[in-house]
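Asker: Before we start, here is the structure in question, set down as structure tokens.
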Amino acid sequence: MEFLQLVETLRAEEASPQRLFGSEGIGLRSGNRAKDPTYLARLREAAEFMADLFEGRRHPYLLREAMTTSDFPLLFGDILDRQLLGRYAETPSTIGAYVTMKTVRDFRAAKLFTVDGAESVLSPVGQREEYPMERLSEGKYEYSVSKYGRVIPFSWETMIDDDLAALQDIPDRLGRAARRSEEKFGTGLFVTSGGPDSGFFSNANKNVINTANGATANNPVLSIAALQDAYTILSKQRDSDGEPIVIEMVTLVVPPALEVVAQNILNATELWLNANGAEPDQQLHTVNWMRNRTTLSVNHYMPVIDGTYGNKAWYMFASTGSTRPALIMAKLRGHEQPELFMKSPNALRIGGGDVNPMDGDFDTDSLEYKLRHVFGGTQIDPKGALVSRGDGSTFGV
């Protein structure tokens, strides 16, 4: 979030605080002063002041004077916090298309109960006959959230000197770090250092592509024929009653190395295919129906985690909204977004007077900002996922 954009947001908040301090949007995490129009006006003035500094309309030495006032550290902290959340919101998230997001109340293991059964086709009931009884079976999954974060220290001299770029950098870096942490964690739910998670993807779970275009082709490379086979395999999945699992929309997840191939396939307006059962020189000409059923997600952490198949493997997931998601991630309720903290000074001024947080630590004059982000997740149902390692090898047991 750039400073000028931040200033305009603050002006809107001053006129209508509910816009950002309700359930939607990005706002201050301190409820009382968030609704104080006087505080909002001062916050806007501080943001305009910082914008002028970064745009070169004011001389940096004025920052020294501003830091000596008792209210500027609080205002400056809120400005950094808003920039952090703005950058976090602007950084793209890819896992949200196929990882179901939840919230939990605390750090204890959250239990997700599933019920199977009683969904098969109804049995006929004759005259004066008893209705057939069918028992339900239960399943349970557990997941929890954990804290992630870091501390960034910098010297009091940095604040006094003209190095304003360092101050502007902090929320940008922390915002990107928070989003990247989510992305890597979500990717690690189904990718390991040795390739696709073999406990989640296996022939026993029927979610490994081992045939393509009617012929034996283990883990085929990404192609039109392989995608057709992936749709067919997903359509054959059955629930505990043996009934079909209907998946209307899917997300194709590929590494950056396969993005061009995937884009070419999904953005083609027409498909030319060998007609089923016909001679090799006979082709079927059809509209590209796959583009209306498939969302593309380019995952940059697949090759980072998986050094063997990370640039070849491709995955298909039932899009979020499924009654039995393949993967789930959770945030701590009330702390869904990354939070920024500033360390209180541990020094007292001889002779009295307010202690300015910008004065820093007693021993070193250093200033410290802390980022805290809370999330977690787990695997749920492999029936809504599919993989090909993309190298033609045999995979799965």
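Ligands are numbered from 1 in the order shown, chains are lettered A, B, ... in the order of the structure tokens, and residues start at 1 in each chain.
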If DSSP is run on the backbone, what residues of range 176-231 of chain A are helix (DSSP H, G or I)? A reply as JSON, numbers by chain would be ideal.
Answerer: {"A": [176, 177, 178, 179, 180, 181, 182, 183, 184, 185, 186, 187, 188, 224, 225, 226, 227, 228, 229, 230, 231]}
Asker: Residues of the last selection are to be written out with N, CA and C atoms, as a PDB file, in the first residue's frame.
Answerer:
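Produced file selection-v4.pdb, reproduced below:
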ATOM      1  N   ARG A 176       5.049  -9.314   2.713  1.00  0.00           N
ATOM      2  CA  ARG A 176       5.379 -10.397   1.778  1.00  0.00           C
ATOM      3  C   ARG A 176       5.777 -11.664   2.519  1.00  0.00           C
ATOM      4  N   ALA A 177       6.512 -11.504   3.618  1.00  0.00           N
ATOM      5  CA  ALA A 177       6.945 -12.671   4.385  1.00  0.00           C
ATOM      6  C   ALA A 177       5.748 -13.436   4.940  1.00  0.00           C
ATOM      7  N   ALA A 178       4.736 -12.720   5.417  1.00  0.00           N
ATOM      8  CA  ALA A 178       3.547 -13.380   5.964  1.00  0.00           C
ATOM      9  C   ALA A 178       2.821 -14.174   4.883  1.00  0.00           C
ATOM     10  N   ARG A 179       2.640 -13.566   3.708  1.00  0.00           N
ATOM     11  CA  ARG A 179       1.943 -14.273   2.635  1.00  0.00           C
ATOM     12  C   ARG A 179       2.759 -15.461   2.131  1.00  0.00           C
ATOM     13  N   ARG A 180       4.068 -15.275   1.996  1.00  0.00           N
ATOM     14  CA  ARG A 180       4.910 -16.368   1.535  1.00  0.00           C
ATOM     15  C   ARG A 180       4.909 -17.539   2.519  1.00  0.00           C
ATOM     16  N   SER A 181       4.835 -17.224   3.794  1.00  0.00           N
ATOM     17  CA  SER A 181       4.791 -18.282   4.809  1.00  0.00           C
ATOM     18  C   SER A 181       3.540 -19.133   4.641  1.00  0.00           C
ATOM     19  N   GLU A 182       2.406 -18.493   4.386  1.00  0.00           N
ATOM     20  CA  GLU A 182       1.177 -19.235   4.133  1.00  0.00           C
ATOM     21  C   GLU A 182       1.299 -20.101   2.888  1.00  0.00           C
ATOM     22  N   GLU A 183       1.869 -19.524   1.831  1.00  0.00           N
ATOM     23  CA  GLU A 183       1.996 -20.251   0.569  1.00  0.00           C
ATOM     24  C   GLU A 183       2.862 -21.497   0.729  1.00  0.00           C
ATOM     25  N   LYS A 184       3.997 -21.348   1.415  1.00  0.00           N
ATOM     26  CA  LYS A 184       4.899 -22.493   1.576  1.00  0.00           C
ATOM     27  C   LYS A 184       4.278 -23.553   2.471  1.00  0.00           C
ATOM     28  N   PHE A 185       3.613 -23.128   3.541  1.00  0.00           N
ATOM     29  CA  PHE A 185       2.962 -24.091   4.426  1.00  0.00           C
ATOM     30  C   PHE A 185       1.872 -24.851   3.681  1.00  0.00           C
ATOM     31  N   GLY A 186       1.020 -24.130   2.942  1.00  0.00           N
ATOM     32  CA  GLY A 186      -0.050 -24.785   2.198  1.00  0.00           C
ATOM     33  C   GLY A 186       0.483 -25.757   1.156  1.00  0.00           C
ATOM     34  N   THR A 187       1.583 -25.394   0.501  1.00  0.00           N
ATOM     35  CA  THR A 187       2.200 -26.290  -0.479  1.00  0.00           C
ATOM     36  C   THR A 187       2.748 -27.529   0.207  1.00  0.00           C
ATOM     37  N   GLY A 188       3.305 -27.351   1.396  1.00  0.00           N
ATOM     38  CA  GLY A 188       3.857 -28.479   2.133  1.00  0.00           C
ATOM     39  C   GLY A 188       2.826 -29.476   2.610  1.00  0.00           C
ATOM     40  N   ILE A 224      -2.946 -32.155 -23.337  1.00  0.00           N
ATOM     41  CA  ILE A 224      -4.402 -32.233 -23.479  1.00  0.00           C
ATOM     42  C   ILE A 224      -4.879 -33.637 -23.160  1.00  0.00           C
ATOM     43  N   ALA A 225      -4.174 -34.650 -23.683  1.00  0.00           N
ATOM     44  CA  ALA A 225      -4.566 -36.035 -23.441  1.00  0.00           C
ATOM     45  C   ALA A 225      -4.483 -36.389 -21.965  1.00  0.00           C
ATOM     46  N   ALA A 226      -3.415 -35.918 -21.295  1.00  0.00           N
ATOM     47  CA  ALA A 226      -3.259 -36.227 -19.878  1.00  0.00           C
ATOM     48  C   ALA A 226      -4.337 -35.538 -19.041  1.00  0.00           C
ATOM     49  N   LEU A 227      -4.705 -34.313 -19.408  1.00  0.00           N
ATOM     50  CA  LEU A 227      -5.762 -33.619 -18.678  1.00  0.00           C
ATOM     51  C   LEU A 227      -7.106 -34.330 -18.852  1.00  0.00           C
ATOM     52  N   GLN A 228      -7.365 -34.812 -20.056  1.00  0.00           N
ATOM     53  CA  GLN A 228      -8.594 -35.567 -20.268  1.00  0.00           C
ATOM     54  C   GLN A 228      -8.634 -36.787 -19.365  1.00  0.00           C
ATOM     55  N   ASP A 229      -7.489 -37.446 -19.239  1.00  0.00           N
ATOM     56  CA  ASP A 229      -7.420 -38.633 -18.392  1.00  0.00           C
ATOM     57  C   ASP A 229      -7.615 -38.261 -16.934  1.00  0.00           C
ATOM     58  N   ALA A 230      -7.092 -37.093 -16.525  1.00  0.00           N
ATOM     59  CA  ALA A 230      -7.254 -36.647 -15.146  1.00  0.00           C
ATOM     60  C   ALA A 230      -8.733 -36.442 -14.815  1.00  0.00           C
ATOM     61  N   TYR A 231      -9.465 -35.804 -15.729  1.00  0.00           N
ATOM     62  CA  TYR A 231     -10.897 -35.622 -15.513  1.00  0.00           C
ATOM     63  C   TYR A 231     -11.598 -36.978 -15.383  1.00  0.00           C
TER      64      TYR A 231
END
Asker: Excluding same-chain residues fewer than 6 positions from Gly77 in chain A, what lies within 10 Å of it counting only C-alpha atoms, as a VMD selection string?
Answerer: chain A and resid 83 340 to 342 369
Asker: Please dump the current selection as a PDB file, in the first residue's frame; keep N, CA and C atoms.
Answerer:
ATOM      1  N   GLN A  83       0.379  -0.303   6.387  1.00  0.00           N
ATOM      2  CA  GLN A  83       1.158  -0.639   5.201  1.00  0.00           C
ATOM      3  C   GLN A  83       1.430  -2.130   5.134  1.00  0.00           C
ATOM      4  N   LEU A 340       1.536  -6.507  13.793  1.00  0.00           N
ATOM      5  CA  LEU A 340       2.813  -5.842  14.001  1.00  0.00           C
ATOM      6  C   LEU A 340       2.866  -5.245  15.395  1.00  0.00           C
ATOM      7  N   PHE A 341       3.983  -5.474  16.090  1.00  0.00           N
ATOM      8  CA  PHE A 341       4.173  -4.960  17.439  1.00  0.00           C
ATOM      9  C   PHE A 341       5.490  -4.192  17.501  1.00  0.00           C
ATOM     10  N   MET A 342       5.517  -3.232  18.434  1.00  0.00           N
ATOM     11  CA  MET A 342       6.745  -2.487  18.693  1.00  0.00           C
ATOM     12  C   MET A 342       7.134  -2.692  20.147  1.00  0.00           C
ATOM     13  N   TYR A 369      10.741  -4.192  15.926  1.00  0.00           N
ATOM     14  CA  TYR A 369       9.377  -4.466  15.493  1.00  0.00           C
ATOM     15  C   TYR A 369       9.217  -5.984  15.376  1.00  0.00           C
TER      16      TYR A 369
END
Asker: What is the CA of Asn264 in chain A-CA of Ser319 in chain A distance in Å, reported with one decimal?
Answerer: 20.9 Å
Asker: Just checking: using only C-alpha atoms, which residue out of A:Asn205, A:Leu174, A:Val191, A:Val287 ends up closest to Arg238 in chain A?
Answerer: A:Asn205
Asker: Hey, which of A:Ile328, A:Ala46, A:Leu222, A:Gly360 ends up closest to Leu348 in chain A? Count only C-alpha atoms.
Answerer: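 Selected residue with least distance to Leu348 in chain A: A:Gly360.
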Asker: Which neighbours of Leu258 in chain A fall inside 10 Å, counting only C-alpha atoms, when residues of the same chain fewer than 4 positions from it are skipped, and could you give them as a list in words?
Answerer: Val221, Leu222, Val253, Val254, Ala262, Gln263, Val298, Asn311, Lys312, Ala313 and Trp314 of chain A
Asker: Using only C-alpha atoms, determine which residues lie at most 7 Å from range 100-105 of chain A, disregarding the query and same-chain residues fewer than 3 positions distant; provide the list as a PyMOL selection string.
Answerer: chain A and resi 96+110+320+325+327-333
Asker: For the residues selected in the previous step, produce a file with C-alpha atoms as a CSV table (one decimal), in the first residue's frame.
Answerer:
chain,number,residue,atom,x,y,z
A,96,GLY,CA,-6.9,-20.2,-1.7
A,110,ALA,CA,-9.5,-28.6,16.4
A,320,THR,CA,-13.0,-25.1,-2.6
A,325,PRO,CA,-12.1,-30.8,1.0
A,327,LEU,CA,-6.7,-29.8,2.2
A,328,ILE,CA,-7.6,-27.4,5.0
A,329,MET,CA,-5.9,-24.4,6.5
A,330,ALA,CA,-7.0,-22.4,9.6
A,331,LYS,CA,-6.3,-19.0,11.2
A,332,LEU,CA,-6.8,-18.1,14.8
A,333,ARG,CA,-10.1,-16.3,15.2
Asker: Any idea what's packed within 12 Å of range 121-126 of chain A, counting only C-alpha atoms, ignoring anything in its chain fewer than 3 positions away? Could you give it as a PyMOL selection string?
Answerer: chain A and resi 117-118+129-134+241-244
Asker: Those selected residues, please, written with C-alpha atoms and delivered as a compact mmCIF listing (two decimals), in the first residue's frame.
Answerer:
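Final file, out-v3.txt:
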# COMPACT_ATOMS: atom_id res chain seq x y z
CA GLY A 117 -23.25 -43.42 4.79
CA ALA A 118 -27.00 -43.15 4.15
CA GLU A 129 -42.52 -54.25 5.11
CA GLU A 130 -40.10 -52.58 7.51
CA TYR A 131 -37.85 -49.88 6.19
CA PRO A 132 -34.24 -51.04 5.82
CA MET A 133 -31.81 -49.61 8.37
CA GLU A 134 -28.40 -48.23 7.45
CA ASP A 241 -21.66 -45.91 -0.28
CA GLY A 242 -20.19 -46.51 -3.72
CA GLU A 243 -21.99 -43.47 -5.09
CA PRO A 244 -20.26 -41.09 -7.53
Asker: Figure out the distance between CA of Ile305 in chain A and CA of Ser193 in chain A, please, to one decimal in Å.
Answerer: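 These atoms are spaced 5.3 Å apart.
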Asker: Tell me which of A:Glu259, A:Asp52, A:Glu142, A:Asp359 sits closest to Ala109 in chain A, counting only C-alpha atoms.
Answerer: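 For Ala109 in chain A, the nearest of the given residues is A:Glu142.
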Asker: Please, what distance in Å, to one decimal, runs between CA of Asn346 in chain A and CA of Trp156 in chain A?
Answerer: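 Computing the Euclidean distance for CA of Asn346 in chain A and CA of Trp156 in chain A yields 14.1 Å.
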Asker: Need to verify the contact set: Asn267 in chain A, 12 Å, only C-alpha atoms, exclusion of same-chain residues closer than 4 positions in sequence. Can you return it as a PyMOL selection string?
Answerer: chain A and resi 224+259-263+271+287-296
Asker: Just list the residues in range 137-339 of chain A DSSP gives strand (DSSP E or B) on the backbone, as a ChimeraX atom specification.
Answerer: /A:137-143,145-154,191-192,195-196,208,211-212,215-216,238,244,250-254,270-274,283-287,294-298,314-318,327-332,339
